[in-house]
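A.B. asks: Okay, here's the structure, questions in a sec.
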Amino acid sequence: MLSTIQPPRCLSRIAVRGRTKSRSLHILSSAQSVTSASLIDHSQILSIRDSLLSRHLSAVQLTHSYLDRLKQTEPQIKSFLHVSDPDKVLKQAHEIDEKIKRNEEVGPLAGVLVAVKDNICTADMPSTGGSRILEGYRPPFDATAVKRLKNLGAIVVGKTNLDEFGMGSTTEASAFKVTANPWDLSRVPGGSSGGSAAAVSARQCVVSLGSDTGGSVRQPASFCGVVGLKPTYGRVSRFGLMAYASSLDVIGCLGSSVADTGILLHAISGHDTLDATSSKREVPDFTSQFTSASSLESRPLEGLRVGLIRETVDGGVDSGVKSAIQSAAAHLEQLGCILKEVSLPSFSLGLPAYYILASSESSSNLSRYDGVRYGSQASSDELNSLYKESRAKGFGPEVKMRILMGTYALSAGYYDAYYKRAQQVRTIIRKSFKAALDENDILISPAAPSAAYKIGEKKNDPLAMYAGDIMTVNVNMAGLPALVLPCGFVEGGAVGLPVGLQIIGAAFDEEKLLKVGHIFEQTLQGYNFVPPLDADGVFA
C-alpha cells in the first residue's frame, strides 16, 4: 500500500513576502511567519515547505511517500529511464531535516522531488537522450537548470523517458521503453517529454523538467492533464541540454498546478555565461501576482484582450477538443476578458517549415555522435566503417530519418529551395504573431488537435504524427512563451481524457501567462485533473 503520508494538494494559508531580488527565490524562509497577506493556493511546493518548517512532516517522511508511490506505479507507467538510489535520496532528505532541527536556513525547494528529462545532463546519473548511442553515458557536469535546482534544495528523483533525442510526439521512439499515459495505460502520454509529464500526472514527483523544440512540453502536458510551460527562447540556459535544433530548443517546466510551474520556472531562469543565447533580462518574480481564489474579484481579468486563433479550431480538430476550448474561452469571458477571433494566415506554413529547420539543425548537431568523439563505438578496422556501424547500431529509425531529411535540405542545389525558404517562412510567422499580440494581450488555442491516442496508432504513419504538432510548432518558430493547462475532458479511458488550453504571450511575458493561468485554474469548477489511481498505484 502507498504511504498515507502525502503532502496536501493545496495550501490554504502560506505566505510570500514582497518581490524577489536578483535570482533568489523568496518563498517563506524558516525565520518568517506563515501569516502574510498574500496567499497562494494549489501548490505542492509551498505545501511541502509549510509542512517542513512547521515540523508537521519531515523531509524523510515526504520522500518515503513519493518513493513508495513511484515504486508502485512505475511498472505500469514506465516514466523513468533511471531512478535515483533511494538511499541517496533519503540521505539528502535527512540532511534537510537536520538543518531544520538546527534552525538553519534551507533552500526554497528543500524536499521537493524533481524528475529530469533524460536529454538534460546530470552529473551523478546516466543521461542517454533516450538513445542507445549514449547508453550508460554519465556526464561530468550538471546542466545549468539542474544545478540551480540543486542549489535551492531540490532533490532529483530520476531521469525520465523521452523520444530519442527529443524527436517524436509519443515517447514510442525511445530506444528503451514506451511510457504509458496515467489516464489510460493503452494510450500515449505525448512526447517527446512524455516521461516527465506522466511522472507529474501520476504524482511520482512534485515537478519535472522537460525540453520543448516544437511542443514537447506542451503536448504531453495536454495529454496527461498537467501544466506545461515553454519559456521564451533565451529565458532559461540551454547549457547541458543535448542539442536537437539549437535555434528552437528550450528547457521547460511541468507541474500539477500553475503555481508550482511558475516557481520552478523562476528557479531555473536567468542569464548563464555558459550559454551565449541566454538572455540578460532581469528575471521577475513570476509568483508575485498569484492570489488565492477567496480574494479574487468577480471579474479578475476585466479588460484583458484575448485572441482565439481561428486556424486552430477549424477543420482537423476533434469535435470534443474544439468544444472544450470553446468552453474555456467562454470561461475567460466570464472572468472579464474581451474575446475575439484572430486570423494568422501563416499558421499552416509553420509545420513544414519547422520540420525542415529542425531536421537540418539536427543533422548538424547529431554529427558529433560518430563513435569517436561521442557515443558508443562499434568495432571496425576502418574509419568510415566505424562511423557507419556506430551510427547504424546507435541511432533509431526516427533519428536516422530526420538526419537524412536535414542533410538533404542542406545539400548543394537544395539549400535555397528548402532551408532558405523555411527561414523566410519563419520570419513571416514571427511578424504574424507580433501583429496579433500588438492587438491582443494573449492568444489562445488547443495544445493539440486531439486528446491522447492509442499506443501504436500512429507509429507507422509519421505524417499523421507530425500533423499533431501543428498547434505548437509556430510558437517555437517565433521564440515566444506558451502555457498549457488542463481545461476539460473528452470521452475515452475510464473517466475521460484531459484536454489542454494553450495560452501564448509576447516574448518574456511569462508573468502574464502565469497570472491568467492561475486565475483560470482556480475558478474552473467541476473538474478533477488527477488520474484514477487507487491506493496500490494500480489503475481503477
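The chains in the C-alpha cells are called A, B, ... from first to last as shown; in each chain the residues are counted from 1, and the ligands are counted from 1 in the order shown.
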Pick out each residue of stretch 181-236 of chain A that DSSP on the backbone tags as strand (DSSP E or B); I need them as a list in words.
C.D. replies: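 So the strand (DSSP E or B) residues in stretch 181-236 of chain A would be Asn181, Asp184, Arg187, Val207, Ser208, Leu209, Gly210, Ser211, Asp212, Val227, Gly228, Leu229, Lys230 and Val236 of chain A.
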A.B. asks: Could you write those residues out with all heavy atoms, as a short mmCIF file (atom, residue, chain, number, x, y, z; two decimals), in the first residue's frame?
C.D. replies:
data_model
loop_
_atom_site.label_atom_id
_atom_site.label_comp_id
_atom_site.auth_asym_id
_atom_site.auth_seq_id
_atom_site.Cartn_x
_atom_site.Cartn_y
_atom_site.Cartn_z
N ASN A 181 0.22 6.47 -20.63
CA ASN A 181 -0.50 7.63 -20.11
C ASN A 181 -1.19 7.25 -18.80
O ASN A 181 -1.94 6.28 -18.76
CB ASN A 181 -1.53 8.10 -21.14
CG ASN A 181 -2.12 9.46 -20.80
OD1 ASN A 181 -2.50 9.73 -19.67
ND2 ASN A 181 -2.21 10.32 -21.80
N ASP A 184 -4.90 6.43 -19.03
CA ASP A 184 -5.30 5.21 -19.74
C ASP A 184 -4.01 4.53 -20.23
O ASP A 184 -3.34 5.05 -21.11
CB ASP A 184 -6.21 5.55 -20.93
CG ASP A 184 -6.70 4.32 -21.70
OD1 ASP A 184 -6.14 3.23 -21.48
OD2 ASP A 184 -7.62 4.46 -22.51
N ARG A 187 -2.83 4.23 -23.88
CA ARG A 187 -2.63 5.44 -24.68
C ARG A 187 -1.27 6.07 -24.43
O ARG A 187 -0.64 5.85 -23.39
CB ARG A 187 -3.75 6.47 -24.40
CG ARG A 187 -5.13 5.97 -24.79
CD ARG A 187 -6.22 6.96 -24.46
NE ARG A 187 -7.53 6.39 -24.73
CZ ARG A 187 -8.18 6.49 -25.90
NH1 ARG A 187 -7.63 7.19 -26.89
NH2 ARG A 187 -9.36 5.94 -26.06
N VAL A 207 7.45 18.07 -9.37
CA VAL A 207 7.54 18.79 -10.63
C VAL A 207 8.59 18.10 -11.49
O VAL A 207 9.33 17.23 -11.01
CB VAL A 207 7.91 20.28 -10.43
CG1 VAL A 207 6.77 21.06 -9.81
CG2 VAL A 207 9.18 20.39 -9.56
N SER A 208 8.69 18.51 -12.75
CA SER A 208 9.70 17.92 -13.62
C SER A 208 10.18 18.92 -14.65
O SER A 208 9.49 19.90 -14.96
CB SER A 208 9.16 16.67 -14.33
OG SER A 208 8.12 17.00 -15.22
N LEU A 209 11.37 18.64 -15.18
CA LEU A 209 11.92 19.42 -16.30
C LEU A 209 11.73 18.62 -17.58
O LEU A 209 11.91 17.40 -17.60
CB LEU A 209 13.40 19.69 -16.09
CG LEU A 209 13.82 20.63 -14.95
CD1 LEU A 209 15.33 20.81 -14.96
CD2 LEU A 209 13.12 21.97 -15.05
N GLY A 210 11.39 19.32 -18.64
CA GLY A 210 11.35 18.74 -19.97
C GLY A 210 12.06 19.65 -20.93
O GLY A 210 12.67 20.65 -20.53
N SER A 211 12.02 19.33 -22.21
CA SER A 211 12.54 20.23 -23.24
C SER A 211 11.48 20.37 -24.31
O SER A 211 10.66 19.48 -24.52
CB SER A 211 13.85 19.70 -23.84
OG SER A 211 13.63 18.49 -24.55
N ASP A 212 11.46 21.53 -24.95
CA ASP A 212 10.42 21.84 -25.93
C ASP A 212 11.08 22.43 -27.17
O ASP A 212 11.60 23.54 -27.14
CB ASP A 212 9.43 22.84 -25.32
CG ASP A 212 8.14 22.98 -26.12
OD1 ASP A 212 8.23 23.16 -27.36
OD2 ASP A 212 7.05 22.92 -25.53
N VAL A 227 0.14 20.86 -16.04
CA VAL A 227 0.51 22.19 -16.52
C VAL A 227 1.90 22.12 -17.14
O VAL A 227 2.82 21.55 -16.54
CB VAL A 227 0.48 23.22 -15.39
CG1 VAL A 227 0.90 24.60 -15.90
CG2 VAL A 227 -0.91 23.28 -14.75
N GLY A 228 2.05 22.67 -18.34
CA GLY A 228 3.34 22.70 -19.01
C GLY A 228 3.65 24.10 -19.50
O GLY A 228 2.78 24.78 -20.04
N LEU A 229 4.88 24.53 -19.30
CA LEU A 229 5.27 25.89 -19.69
C LEU A 229 6.52 25.86 -20.56
O LEU A 229 7.56 25.32 -20.16
CB LEU A 229 5.54 26.74 -18.44
CG LEU A 229 6.06 28.16 -18.67
CD1 LEU A 229 5.07 28.98 -19.50
CD2 LEU A 229 6.33 28.86 -17.35
N LYS A 230 6.40 26.41 -21.76
CA LYS A 230 7.55 26.64 -22.64
C LYS A 230 7.95 28.10 -22.48
O LYS A 230 7.20 29.00 -22.84
CB LYS A 230 7.19 26.37 -24.10
CG LYS A 230 8.32 26.74 -25.06
CD LYS A 230 7.79 27.37 -26.33
CE LYS A 230 8.89 27.95 -27.19
NZ LYS A 230 9.49 29.20 -26.69
N VAL A 236 15.79 30.58 -20.24
CA VAL A 236 16.45 29.52 -19.46
C VAL A 236 17.69 29.05 -20.21
O VAL A 236 17.64 28.81 -21.42
CB VAL A 236 15.49 28.35 -19.21
CG1 VAL A 236 16.19 27.22 -18.44
CG2 VAL A 236 14.24 28.81 -18.46
#
A.B. asks: Please extract the residues of stretch 79-264 of chain A with a backbone DSSP assignment of helix (DSSP H, G or I) and present them as a ChimeraX atom specification.
C.D. replies: /A:86-101,132-134,144-151,164-166,194-201,218-224,258-264
A.B. asks: If we count only C-alpha atoms, what is near A:Val306 at a cut-off of 8 Å, once residues fewer than 3 positions away on the same chain are taken out, given as a list in words?
C.D. replies: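 Counting only the stated atoms, we get Cys337, Ile338, Leu339, Lys340, Asn440, Asp441, Ile442, Leu443 and Ile444 of chain A.
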A.B. asks: Give me a file of those residues, with N, CA and C atoms, as an mmCIF file, in the first residue's frame.
C.D. replies:
data_model
loop_
_atom_site.group_PDB
_atom_site.id
_atom_site.type_symbol
_atom_site.label_atom_id
_atom_site.label_comp_id
_atom_site.auth_asym_id
_atom_site.auth_seq_id
_atom_site.Cartn_x
_atom_site.Cartn_y
_atom_site.Cartn_z
ATOM 1 N N CYS A 337 -12.566 38.848 -19.628
ATOM 2 C CA CYS A 337 -11.753 39.019 -20.837
ATOM 3 C C CYS A 337 -12.605 39.472 -22.021
ATOM 4 N N ILE A 338 -11.974 40.192 -22.914
ATOM 5 C CA ILE A 338 -12.599 40.604 -24.182
ATOM 6 C C ILE A 338 -12.099 39.632 -25.237
ATOM 7 N N LEU A 339 -12.966 38.749 -25.701
ATOM 8 C CA LEU A 339 -12.569 37.668 -26.595
ATOM 9 C C LEU A 339 -12.934 37.990 -28.034
ATOM 10 N N LYS A 340 -12.019 37.708 -28.947
ATOM 11 C CA LYS A 340 -12.321 37.810 -30.373
ATOM 12 C C LYS A 340 -11.475 36.802 -31.133
ATOM 13 N N ASN A 440 -3.718 42.115 -29.113
ATOM 14 C CA ASN A 440 -4.260 41.277 -28.048
ATOM 15 C C ASN A 440 -3.200 41.073 -26.975
ATOM 16 N N ASP A 441 -3.648 40.886 -25.740
ATOM 17 C CA ASP A 441 -2.710 40.640 -24.645
ATOM 18 C C ASP A 441 -2.191 39.211 -24.665
ATOM 19 N N ILE A 442 -3.062 38.273 -24.995
ATOM 20 C CA ILE A 442 -2.676 36.871 -25.114
ATOM 21 C C ILE A 442 -3.435 36.247 -26.281
ATOM 22 N N LEU A 443 -2.928 35.126 -26.756
ATOM 23 C CA LEU A 443 -3.613 34.332 -27.771
ATOM 24 C C LEU A 443 -3.892 32.958 -27.183
ATOM 25 N N ILE A 444 -4.989 32.334 -27.603
ATOM 26 C CA ILE A 444 -5.302 31.004 -27.097
ATOM 27 C C ILE A 444 -5.595 30.051 -28.254
#
A.B. asks: Suppose you want the space between atom CA of A:Glu164 and atom CA of A:Phe176; what is it in Å?
C.D. replies: 9.2 Å
A.B. asks: Report, in Å with one decimal, the straight-line distance from atom CA of A:Ile309 to atom CA of A:Leu344.
C.D. replies: 6.9 Å
A.B. asks: Between A:Ser269, A:Asn365, A:Gln204, A:Ser174, which one has atoms that come closest to A:Pro75, using only C-alpha atoms?
C.D. replies: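 Among the listed residues, the smallest separation from A:Pro75 belongs to A:Gln204.
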A.B. asks: Distance atom CA of A:Gln92-atom CA of A:Leu57, one decimal place?
C.D. replies: 15.5 Å
A.B. asks: Would you kindly return, as a VMD selection string, each protein, DNA or RNA residue with an atom no farther than 8 Å from any atom of A:Glu521, considering only C-alpha atoms and excluding same-chain residues fewer than 3 positions away?
C.D. replies: chain A and resid 257 to 258 485 517 to 518 524
A.B. asks: Go ahead and write the residues just picked, all heavy atoms, as a compact mmCIF listing (two decimals), in the first residue's frame.
C.D. replies:
# COMPACT_ATOMS: atom_id res chain seq x y z
N SER A 257 0.21 22.16 -10.97
CA SER A 257 -0.50 23.43 -10.83
C SER A 257 0.30 24.54 -11.50
O SER A 257 1.51 24.40 -11.73
CB SER A 257 -0.71 23.77 -9.35
OG SER A 257 0.53 24.08 -8.73
N VAL A 258 -0.38 25.64 -11.79
CA VAL A 258 0.29 26.79 -12.39
C VAL A 258 1.30 27.38 -11.41
O VAL A 258 2.40 27.79 -11.78
CB VAL A 258 -0.75 27.85 -12.82
CG1 VAL A 258 -0.05 29.13 -13.29
CG2 VAL A 258 -1.65 27.31 -13.92
N LEU A 485 -2.52 24.39 -19.82
CA LEU A 485 -3.12 23.88 -18.59
C LEU A 485 -4.41 23.16 -18.93
O LEU A 485 -5.07 23.47 -19.94
CB LEU A 485 -3.38 25.00 -17.58
CG LEU A 485 -4.45 26.04 -17.85
CD1 LEU A 485 -4.79 26.77 -16.55
CD2 LEU A 485 -4.00 27.05 -18.90
N GLY A 517 -3.26 32.04 -16.16
CA GLY A 517 -3.44 30.61 -15.94
C GLY A 517 -3.82 30.28 -14.51
O GLY A 517 -4.66 29.41 -14.26
N HIS A 518 -3.23 30.99 -13.56
CA HIS A 518 -3.53 30.74 -12.15
C HIS A 518 -4.97 31.09 -11.82
O HIS A 518 -5.66 30.34 -11.11
CB HIS A 518 -2.57 31.56 -11.27
CG HIS A 518 -2.61 31.21 -9.82
ND1 HIS A 518 -3.04 32.09 -8.86
CD2 HIS A 518 -2.28 30.06 -9.16
CE1 HIS A 518 -2.97 31.52 -7.67
NE2 HIS A 518 -2.51 30.29 -7.83
N LEU A 524 -11.99 27.48 -12.44
CA LEU A 524 -12.62 26.43 -13.24
C LEU A 524 -13.25 25.41 -12.30
O LEU A 524 -12.56 24.78 -11.50
CB LEU A 524 -11.58 25.77 -14.14
CG LEU A 524 -12.11 24.79 -15.19
CD1 LEU A 524 -12.95 25.51 -16.24
CD2 LEU A 524 -10.96 24.04 -15.86
A.B. asks: Where does stretch 219-319 of chain A meet stretch 101-113 of chain A within 10 Å, residue by residue, with the nearest atom pair and distance in Å to one decimal for each, counting only C-alpha atoms, listed by chain and rising number, as a Markdown table?
C.D. replies:
| residue | atom | partner | partner_atom | distance |
| --- | --- | --- | --- | --- |
| A:Ile263 | CA | A:Leu109 | CA | 9.1 |
| A:Leu264 | CA | A:Leu109 | CA | 8.8 |
| A:Ala267 | CA | A:Leu109 | CA | 8.7 |
A.B. asks: I need the chosen residues saved as a PDB file, in the first residue's frame, with N, CA and C atoms.
C.D. replies:
ATOM      1  N   ILE A 263       6.914  28.658  -9.963  1.00  0.00           N
ATOM      2  CA  ILE A 263       8.021  28.606  -9.007  1.00  0.00           C
ATOM      3  C   ILE A 263       9.216  27.893  -9.630  1.00  0.00           C
ATOM      4  N   LEU A 264       8.946  26.788 -10.332  1.00  0.00           N
ATOM      5  CA  LEU A 264      10.018  26.044 -10.984  1.00  0.00           C
ATOM      6  C   LEU A 264      10.702  26.888 -12.054  1.00  0.00           C
ATOM      7  N   ALA A 267      13.049  29.389 -10.600  1.00  0.00           N
ATOM      8  CA  ALA A 267      14.264  28.782 -10.060  1.00  0.00           C
ATOM      9  C   ALA A 267      15.324  28.549 -11.127  1.00  0.00           C
TER      10      ALA A 267
END
A.B. asks: Which residues of stretch 114-210 of chain A come within 12 Å of stretch 249-256 of chain A, and what is each one's closest atom pair and distance in Å (one decimal), counting only C-alpha atoms, sorted by chain and residue number, as a tab-separated table?
C.D. replies:
residue	atom	partner	partner_atom	distance
A:Val114	CA	A:Gly255	CA	9.8
A:Ala115	CA	A:Leu254	CA	9.6
A:Val116	CA	A:Cys253	CA	9.8
A:Lys117	CA	A:Ile251	CA	9.5
A:Asp118	CA	A:Ile251	CA	11.9
A:Asn119	CA	A:Ile251	CA	10.1
A:Ile120	CA	A:Ile251	CA	8.5
A:Cys121	CA	A:Ile251	CA	11.7
A:Ala143	CA	A:Ile251	CA	10.4
A:Thr144	CA	A:Ile251	CA	10.4
A:Ala145	CA	A:Ile251	CA	8.1
A:Val146	CA	A:Ile251	CA	10.5
A:Phe165	CA	A:Asp249	CA	11.3
A:Gly166	CA	A:Asp249	CA	9.7
A:Met167	CA	A:Asp249	CA	11.6
A:Ser192	CA	A:Gly252	CA	11.9
A:Ser193	CA	A:Leu254	CA	9.5
A:Gly194	CA	A:Leu254	CA	10.7
A:Gly195	CA	A:Leu254	CA	10.9
A:Ser196	CA	A:Leu254	CA	7.3
A:Ala197	CA	A:Leu254	CA	6.5
A:Ala198	CA	A:Leu254	CA	9.9
A:Ala199	CA	A:Gly255	CA	9.6
A:Val200	CA	A:Gly255	CA	6.1
A:Ser201	CA	A:Ser256	CA	6.9
A:Ala202	CA	A:Ser256	CA	9.7
A:Arg203	CA	A:Ser256	CA	8.3
A:Gln204	CA	A:Ser256	CA	11.2
A:Cys205	CA	A:Gly255	CA	9.1
A:Val206	CA	A:Gly255	CA	6.8
A:Val207	CA	A:Gly255	CA	4.6
A:Ser208	CA	A:Leu254	CA	5.2
A:Leu209	CA	A:Cys253	CA	5.0
A:Gly210	CA	A:Gly252	CA	5.1
A.B. asks: Could you pull the residues within 12 Å of A:Gln522, counting only C-alpha atoms, minus those fewer than 6 positions along the same chain, as a count of residues only?
C.D. replies: 24
A.B. asks: Determine the nearest neighbour of A:Phe223 from the options A:Leu480, A:Ala392, A:Ala330, A:Val490, counting only C-alpha atoms.
C.D. replies: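 Result for the nearest residue to A:Phe223: A:Val490.
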A.B. asks: I'd like the neighbourhood of stretch 77-85 of chain A as an MDAnalysis selection string, where a residue qualifies if any of its atoms comes within 6 Å (using only C-alpha atoms), though same-chain residues fewer than 5 positions away should be ignored.
C.D. replies: chainID A and resid 157:161 179:180 195 199
A.B. asks: Would you mind listing what lies within 6 Å of A:Ile268 as an mmCIF file with all heavy atoms, in the first residue's frame, with only C-alpha atoms counted and same-chain residues fewer than 2 positions away left out?
C.D. replies:
data_model
loop_
_atom_site.group_PDB
_atom_site.id
_atom_site.type_symbol
_atom_site.label_atom_id
_atom_site.label_comp_id
_atom_site.auth_asym_id
_atom_site.auth_seq_id
_atom_site.Cartn_x
_atom_site.Cartn_y
_atom_site.Cartn_z
ATOM 1 N N ALA A 145 20.306 24.363 -15.491
ATOM 2 C CA ALA A 145 18.975 24.317 -14.865
ATOM 3 C C ALA A 145 18.959 23.340 -13.696
ATOM 4 O O ALA A 145 18.373 23.618 -12.641
ATOM 5 C CB ALA A 145 17.926 23.919 -15.901
ATOM 6 N N ARG A 148 20.954 24.769 -10.713
ATOM 7 C CA ARG A 148 20.215 25.797 -9.984
ATOM 8 C C ARG A 148 19.169 25.176 -9.073
ATOM 9 O O ARG A 148 18.949 25.645 -7.941
ATOM 10 C CB ARG A 148 19.582 26.778 -10.971
ATOM 11 C CG ARG A 148 20.611 27.714 -11.598
ATOM 12 C CD ARG A 148 20.025 28.609 -12.669
ATOM 13 N NE ARG A 148 21.039 29.577 -13.111
ATOM 14 C CZ ARG A 148 20.894 30.390 -14.153
ATOM 15 N NH1 ARG A 148 19.779 30.348 -14.883
ATOM 16 N NH2 ARG A 148 21.853 31.233 -14.469
ATOM 17 N N LEU A 265 9.910 27.617 -12.855
ATOM 18 C CA LEU A 265 10.495 28.464 -13.892
ATOM 19 C C LEU A 265 11.394 29.526 -13.279
ATOM 20 O O LEU A 265 12.502 29.787 -13.779
ATOM 21 C CB LEU A 265 9.399 29.129 -14.729
ATOM 22 C CG LEU A 265 9.911 30.123 -15.780
ATOM 23 C CD1 LEU A 265 10.761 29.419 -16.833
ATOM 24 C CD2 LEU A 265 8.752 30.855 -16.449
ATOM 25 N N HIS A 266 10.930 30.151 -12.198
ATOM 26 C CA HIS A 266 11.744 31.190 -11.567
ATOM 27 C C HIS A 266 13.072 30.632 -11.088
ATOM 28 O O HIS A 266 14.121 31.289 -11.181
ATOM 29 C CB HIS A 266 10.986 31.811 -10.391
ATOM 30 C CG HIS A 266 11.684 32.993 -9.790
ATOM 31 N ND1 HIS A 266 12.601 32.874 -8.770
ATOM 32 C CD2 HIS A 266 11.630 34.317 -10.089
ATOM 33 C CE1 HIS A 266 13.064 34.066 -8.459
ATOM 34 N NE2 HIS A 266 12.503 34.960 -9.241
#
A.B. asks: Here is a test: counting only C-alpha atoms, which residue of A:Leu67, A:Pro231, A:Ala506, A:Val499 is nearest to A:Asp87?
C.D. replies: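 Ranking A:Leu67, A:Pro231, A:Ala506, A:Val499 by distance to A:Asp87, first place goes to A:Leu67.
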A.B. asks: Tell me, counting only C-alpha atoms, for each residue of stretch 177-230 of chain A within 6 Å of stretch 454-476 of chain A, which pair of atoms is nearest and how far apart they are in Å to one decimal, in rows ordered by chain and increasing number, as a tab-separated table.
C.D. replies:
residue	atom	partner	partner_atom	distance
A:Ser186	CA	A:Lys454	CA	5.8
A:Arg187	CA	A:Lys454	CA	4.1
A:Val188	CA	A:Ile455	CA	5.2
A:Gly214	CA	A:Val473	CA	4.3
A:Gly215	CA	A:Thr472	CA	4.9
A.B. asks: Of the residues A:Ala276, A:Leu304, A:Ile356, A:Ala59, which is the one nearest to A:Ala417, using only C-alpha atoms?
C.D. replies: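 The closest residue to A:Ala417 is A:Ile356.
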